[in-house]
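Asker: Please see the structure below; I have some questions.
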Amino acid sequence: MSESLSLSRRTLWQRMAQILGGLAVWHQVRPAPAEQTASPETGPQTVRVMRPYDAETPVREFTSYLTPNHRFFVRSHFGPPAPELIAAANWRLHVGGLIEHPLELTLKDLKEFEQVTITAVVQCSGNGRAFHRPKVPGVQWERGAVGNAQWTGVRLRDVLAKAGVRPNGKHVQLQGADRPVVSSVPLFTRSIPLEKAVHPDTILAYDMNGRPLPLLHGAPLRVITPGWMADSCTKWLTDITVQADEAKGYYMQTAYRVPVTAIQPNSGLPGTSMVPVEAMVVKSLIALPANGDQVGRGPVTVQGVAWSGDAAVATVELSFDDGKTWEQARLVGEDEPYAWRQWQFLWRPKTAGAVTILCRATDANGQVQPQESPWNPGGFLWNGWDHVAITVAL
Amino acid sequence: MMTRSLPLIGLFVLGLAGLAAMTAAQEDDLASVSAALAPRAEGLIIARCSVCHSPDLVSQQRLPKDRWAATVDKMKHWGAEIADDEADLLVRYLSARYHPAAPDHLPTLDHELRKAEPLTQEPADTGPLVGVSTRGAGIFEHNCQACHGAGATGGMGPKLAKNPILKQDDLFWETVLHGRGPMPAWGSVLSQQDIADVHTWLLTK
């Protein structure tokens with residue numbers, strides 16, 4: 001009791017110190033009036049669709065290694081399920097299909113498996129769709145449908161081992177509790193190949209950044225497939241079915257697929273071989289300065305994040321002359337396999353006026369972020385050079 | 001040298017101006033088509049599309065006519081209750097207002113919507129409205145149930161069965177006609193008779 005009391009007292013002092021410190025900082029660097037108004041770059045979230053709620057994170061937030069839960073981008077096809085469906089008393093995880101022992105697990109049962117924590121980037125497959133030309137239909141995501149969080153849960157392979165996968169089981173179908181308003185709309189049913197499902201880093205997560213998974217992020221349980229796009233990270237998970245084939249239905253057979261080889265914009269799809277969106281492609285973002293910012297003589301800290309699907313980030317380069325010359329940024333901070341890597345560059349602007357800062361990353365496999373991504377009808381996997389337009393006032 | 005190239009430059013500039021004028025004229029055409037269709041089309045978007053998603057998902061798209069036609073067709077296939085003439089109107093409107101060259105931020109439609117006409121034609125004035133409960137049930141199912149739940153027991157929107165607002169005629173009509181908070185205005189979608197029918201049906205719940 002006394003220990004907790006002294007702890008809370010200490011916390012209180014820390015809080016007061018933080019507040020006083022914060023006030024001091026506030027006086028020194030008061031943000032410009034323009035920065036105080038909510039904008040896509042500075043607001044809590046940029047809403048793309050009110051219902052079902054789809055919103056992206058302002059890129060300025062990516063100056064921090066972990067993206068806070070309340071700022072983390074939100075995407076689903078039908079919105080969260082009715083609360084009673086995922087209440088602890090009613091929610092169960094069913095494991096069935098081509099297995100030896102069907103399972104029905106409560107969250108408490110699930111927590112009996114070994115607990116693991118993985119820091120991983122989760123990115124919407126359509127992040128950057130708005131930049132594809134010609135434009136494609138879908139939520140017009142720009143830069144912020146991505147985030148980096150600590151996911152805690154159990155390995156999917158441990159759950160599958162308990163159920164006992166039969167030899168003909170090759171795909172693992174994932175179904176959440178979310179439902180469309182109209183029953184004639186197909187369910188968001190997905191599957192991942194068995195190899196990805198039994199990878200030791202593929203987990204069923206119940207905590208996000210050390211807190212119980214929020215409703216908008218898939219409470220009580222979601223799939224995390226590190227290194228892969230979020231179309232595989234089913235939220236509100238209730239049913240795992242081991243099958244011989246890929247899941248049937250619109251969201252697996254038609255949507256979330258890209259052409260195997262590059263195709264001409266708007267060219268006919270029949271005959272083009274389409275494969276599911278899986279691994280992430282190498283990508284970087286400039287978190288600061290933000291579009292429209294004004295900077296002085298400097299040195300100006302340009303900073304951001306970079307990540308890739310299968311490999312570590314090797315280099316991040318910046319250009320201040322429209323791509324004619326590139327300068328290497330410094331990789332800083334945590335270096336974890338599936339997380340993003342933070343980078344910094346100290347820039348001394350020499351001439352006043354408008355400047356566009358360009359940014360590109362290269363991963364350890366030699367994959368380079370292209371100026372523009374290959375066009376595809378779903379607008380997936382955008383990873384063109386990131387750019388930020390600012391003004392230098394010397 | 002300089003004087004000799006001047007007429008050429010002049011021609012080039014004239015050509016550019018002509019091109020710009022043509023594009024502006026085409027833009028004007030599209031703008032007048034979309035303005036003319038807006039009252040009815042925007043009403044349809046609220047009535048038929050926003051059952052499943054808010055209209056902002058529609059207005060952020062910039063697509064050519066064939067993609068709009070394919071999208072409306074996909075939605076019909078998925079259960080959007082769009083009649084053929086309504087689909088045709090929607091595609092004409094959407095491809096005139098939300099075409100690939102349209103700016104990201106379009107002027108709002110408020111002034112156009114103010115002269116919105118109801119989808120159902122009003123019968124000639126034949127005295128006070130009398131709601132028909134059986135008709136109201138169907139209208140509720142198609143237009144209101146997605147948010148207010150089956151049997152008006154509530155969902156994303158408030159429960160309407162036994163809701164005190166049913167006894168406050170002015171507030172009920174004001175809310176339905178003009179919207180309140182997240183609820184859209186239905187004045188351009190439902191006729192007065194439709195609203196009276198829904199009201200009568202709700203009183204039986």
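We name chains A, B, ... following the order of the structure tokens; residues begin at 1 in each chain, and ligands are numbered from 1 as shown.
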So which residues touch range 27-38 of chain B within 6 Å, counting only C-alpha atoms, skipping near sequence neighbours fewer than 5 positions away, as a list in words?
Answerer: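 Using only C-alpha atoms, the neighbours found are Tyr93, Ala96 and Arg97 of chain B.
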Asker: Export, as a PDB file, in the first residue's frame, the selected residues with C-alpha atoms.
Answerer:
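What ended up in selection-v7.pdb:
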ATOM      1  CA  TYR B  93     -24.318  12.412 -62.618  1.00  0.00           C
ATOM      2  CA  ALA B  96     -20.133  14.496 -64.862  1.00  0.00           C
ATOM      3  CA  ARG B  97     -19.234  15.611 -61.334  1.00  0.00           C
TER       4      ARG B  97
END
Asker: Can you check which residues of chain B have any atom within 8 Å of chain A? Use only C-alpha atoms and format it as a list of chain:residue names.
Answerer: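 Here is what falls inside 8 Å: B:Val51, B:Cys52, B:His53, B:Ser54, B:Asp56, B:Leu57, B:Gln60, B:Gln61, B:Arg62, B:Leu63, B:Arg67, B:Trp78, B:Gly79, B:Pro100, B:Ala146.
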Asker: Got a sec: who's within 9 Å of Val198 in chain A, counting only C-alpha atoms, leaving out chain neighbours fewer than 4 positions off, as an MDAnalysis selection string?
Answerer: chainID A and resid 155:158 160:161 193:194 202
Asker: Those residues you just picked out, can you put them in a file as a CSV table (one decimal), in the first residue's frame with N, CA, C and O atoms?
Answerer:
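Everything below was put into part_24.csv:
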chain,number,residue,atom,x,y,z
A,155,ARG,N,1.4,-17.6,-30.9
A,155,ARG,CA,1.7,-18.0,-32.3
A,155,ARG,C,0.6,-18.8,-32.9
A,155,ARG,O,0.0,-19.7,-32.2
A,156,LEU,N,0.2,-18.4,-34.1
A,156,LEU,CA,-0.8,-19.2,-34.8
A,156,LEU,C,-0.4,-20.6,-35.0
A,156,LEU,O,-1.2,-21.6,-34.9
A,157,ARG,N,1.0,-20.9,-35.2
A,157,ARG,CA,1.4,-22.3,-35.3
A,157,ARG,C,1.2,-23.1,-34.1
A,157,ARG,O,0.9,-24.3,-34.2
A,158,ASP,N,1.3,-22.5,-32.9
A,158,ASP,CA,1.0,-23.3,-31.7
A,158,ASP,C,-0.5,-23.7,-31.6
A,158,ASP,O,-0.8,-24.8,-31.2
A,160,LEU,N,-2.4,-24.1,-34.2
A,160,LEU,CA,-2.6,-25.1,-35.3
A,160,LEU,C,-2.0,-26.4,-34.9
A,160,LEU,O,-2.6,-27.5,-35.2
A,161,ALA,N,-0.9,-26.4,-34.2
A,161,ALA,CA,-0.3,-27.6,-33.7
A,161,ALA,C,-1.2,-28.4,-32.8
A,161,ALA,O,-1.4,-29.6,-32.8
A,193,PRO,N,-1.4,-18.8,-47.0
A,193,PRO,CA,-0.8,-20.1,-47.2
A,193,PRO,C,-0.3,-20.7,-45.9
A,193,PRO,O,0.1,-19.9,-45.0
A,194,LEU,N,-0.3,-22.0,-45.8
A,194,LEU,CA,0.1,-22.7,-44.6
A,194,LEU,C,1.5,-22.2,-44.1
A,194,LEU,O,1.7,-22.0,-42.9
A,202,THR,N,4.2,-15.3,-37.1
A,202,THR,CA,2.8,-15.0,-37.4
A,202,THR,C,2.0,-15.2,-36.1
A,202,THR,O,2.0,-16.3,-35.6
Asker: Excluding range 141-154 of chain A and residues on its chain fewer than 6 positions from it, collect all residues at most 9 Å away from it, counting only C-alpha atoms, and give them as a PyMOL selection string.
Answerer: chain A and resi 46+48+55-59+62+65-69+71-75+110-131+202-210+213+221+224+285+339-340+386
Asker: Residues of range 153-236 of chain A in helix (DSSP H, G or I) according to DSSP, as number ranges by chain?
Answerer: A: 156-163, 194-197, 215-217, 230-232
Asker: Could the residues in this selection be saved with N, CA, C and O atoms as a CSV table (one decimal), in the first residue's frame?
Answerer:
chain,number,residue,atom,x,y,z
A,156,LEU,N,0.2,-18.4,-34.1
A,156,LEU,CA,-0.8,-19.2,-34.8
A,156,LEU,C,-0.4,-20.6,-35.0
A,156,LEU,O,-1.2,-21.6,-34.9
A,157,ARG,N,1.0,-20.9,-35.2
A,157,ARG,CA,1.4,-22.3,-35.3
A,157,ARG,C,1.2,-23.1,-34.1
A,157,ARG,O,0.9,-24.3,-34.2
A,158,ASP,N,1.3,-22.5,-32.9
A,158,ASP,CA,1.0,-23.3,-31.7
A,158,ASP,C,-0.5,-23.7,-31.6
A,158,ASP,O,-0.8,-24.8,-31.2
A,159,VAL,N,-1.4,-22.8,-32.0
A,159,VAL,CA,-2.8,-23.1,-32.0
A,159,VAL,C,-3.1,-24.2,-33.1
A,159,VAL,O,-3.8,-25.2,-32.8
A,160,LEU,N,-2.4,-24.1,-34.2
A,160,LEU,CA,-2.6,-25.1,-35.3
A,160,LEU,C,-2.0,-26.4,-34.9
A,160,LEU,O,-2.6,-27.5,-35.2
A,161,ALA,N,-0.9,-26.4,-34.2
A,161,ALA,CA,-0.3,-27.6,-33.7
A,161,ALA,C,-1.2,-28.4,-32.8
A,161,ALA,O,-1.4,-29.6,-32.8
A,162,LYS,N,-1.9,-27.6,-31.9
A,162,LYS,CA,-2.8,-28.3,-30.9
A,162,LYS,C,-4.0,-28.9,-31.7
A,162,LYS,O,-4.5,-30.0,-31.3
A,163,ALA,N,-4.4,-28.2,-32.8
A,163,ALA,CA,-5.6,-28.8,-33.6
A,163,ALA,C,-5.1,-29.9,-34.5
A,163,ALA,O,-5.9,-30.8,-34.8
A,194,LEU,N,-0.3,-22.0,-45.8
A,194,LEU,CA,0.1,-22.7,-44.6
A,194,LEU,C,1.5,-22.2,-44.1
A,194,LEU,O,1.7,-22.0,-42.9
A,195,GLU,N,2.4,-22.1,-45.1
A,195,GLU,CA,3.8,-21.7,-44.7
A,195,GLU,C,3.8,-20.4,-43.9
A,195,GLU,O,4.5,-20.3,-42.9
A,196,LYS,N,3.0,-19.4,-44.3
A,196,LYS,CA,2.9,-18.1,-43.6
A,196,LYS,C,2.3,-18.3,-42.3
A,196,LYS,O,2.7,-17.7,-41.2
A,197,ALA,N,1.2,-19.2,-42.2
A,197,ALA,CA,0.5,-19.4,-41.0
A,197,ALA,C,1.3,-20.0,-39.9
A,197,ALA,O,1.2,-19.7,-38.7
A,215,LEU,N,-11.2,-1.8,-29.9
A,215,LEU,CA,-12.3,-2.3,-30.7
A,215,LEU,C,-12.0,-2.0,-32.2
A,215,LEU,O,-12.2,-2.9,-33.1
A,216,LEU,N,-11.6,-0.8,-32.5
A,216,LEU,CA,-11.4,-0.4,-33.9
A,216,LEU,C,-10.2,-1.2,-34.6
A,216,LEU,O,-10.1,-1.2,-35.8
A,217,HIS,N,-9.4,-1.8,-33.7
A,217,HIS,CA,-8.2,-2.5,-34.2
A,217,HIS,C,-8.4,-4.0,-34.1
A,217,HIS,O,-7.4,-4.8,-34.3
A,230,ALA,N,-1.7,-5.6,-44.7
A,230,ALA,CA,-2.7,-5.8,-43.7
A,230,ALA,C,-4.0,-6.5,-44.2
A,230,ALA,O,-4.9,-6.8,-43.4
A,231,ASP,N,-4.1,-6.8,-45.5
A,231,ASP,CA,-5.3,-7.6,-46.0
A,231,ASP,C,-5.2,-9.0,-45.4
A,231,ASP,O,-6.3,-9.7,-45.3
A,232,SER,N,-4.1,-9.4,-44.8
A,232,SER,CA,-4.0,-10.7,-44.2
A,232,SER,C,-4.2,-10.6,-42.7
A,232,SER,O,-4.2,-11.7,-42.0
Asker: Could you please determine the separation between CA of Lys205 in chain B and CA of Ala152 in chain B in Å, to one decimal place?
Answerer: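 Rounded to one decimal, the two atoms are 7.6 Å apart.
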Asker: Need the shell around Leu346 in chain A: protein/DNA/RNA residues with any atom at most 12 Å away, counting only C-alpha atoms. Skip same-chain ones fewer than 5 positions apart. Format as a list in words?
Answerer: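 That gives Leu288, Pro289, Arg297, Gly298, Pro299, Val300, Thr301, Val302, Gln303, Leu318, Glu327, Gln328, Ala329 and Arg330 of chain A.
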Asker: Just give me the gap between CA of Cys233 in chain A and CA of Trp385 in chain A in Å, one decimal is fine.
Answerer: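 Going from CA of Cys233 in chain A over to CA of Trp385 in chain A, I get 25.7 Å.
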Asker: Which residues, written as a list in words, have at least one atom at most 8 Å from range 153-165 of chain B, with only C-alpha atoms counted and residues fewer than 4 positions away on the same chain left out?
Answerer: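 Counting only C-alpha atoms, the residues come to Ala146, Cys147, His148, Gly149, Asp169, Leu171, Phe172, Met183, Leu202, Leu203 and Lys205 of chain B.
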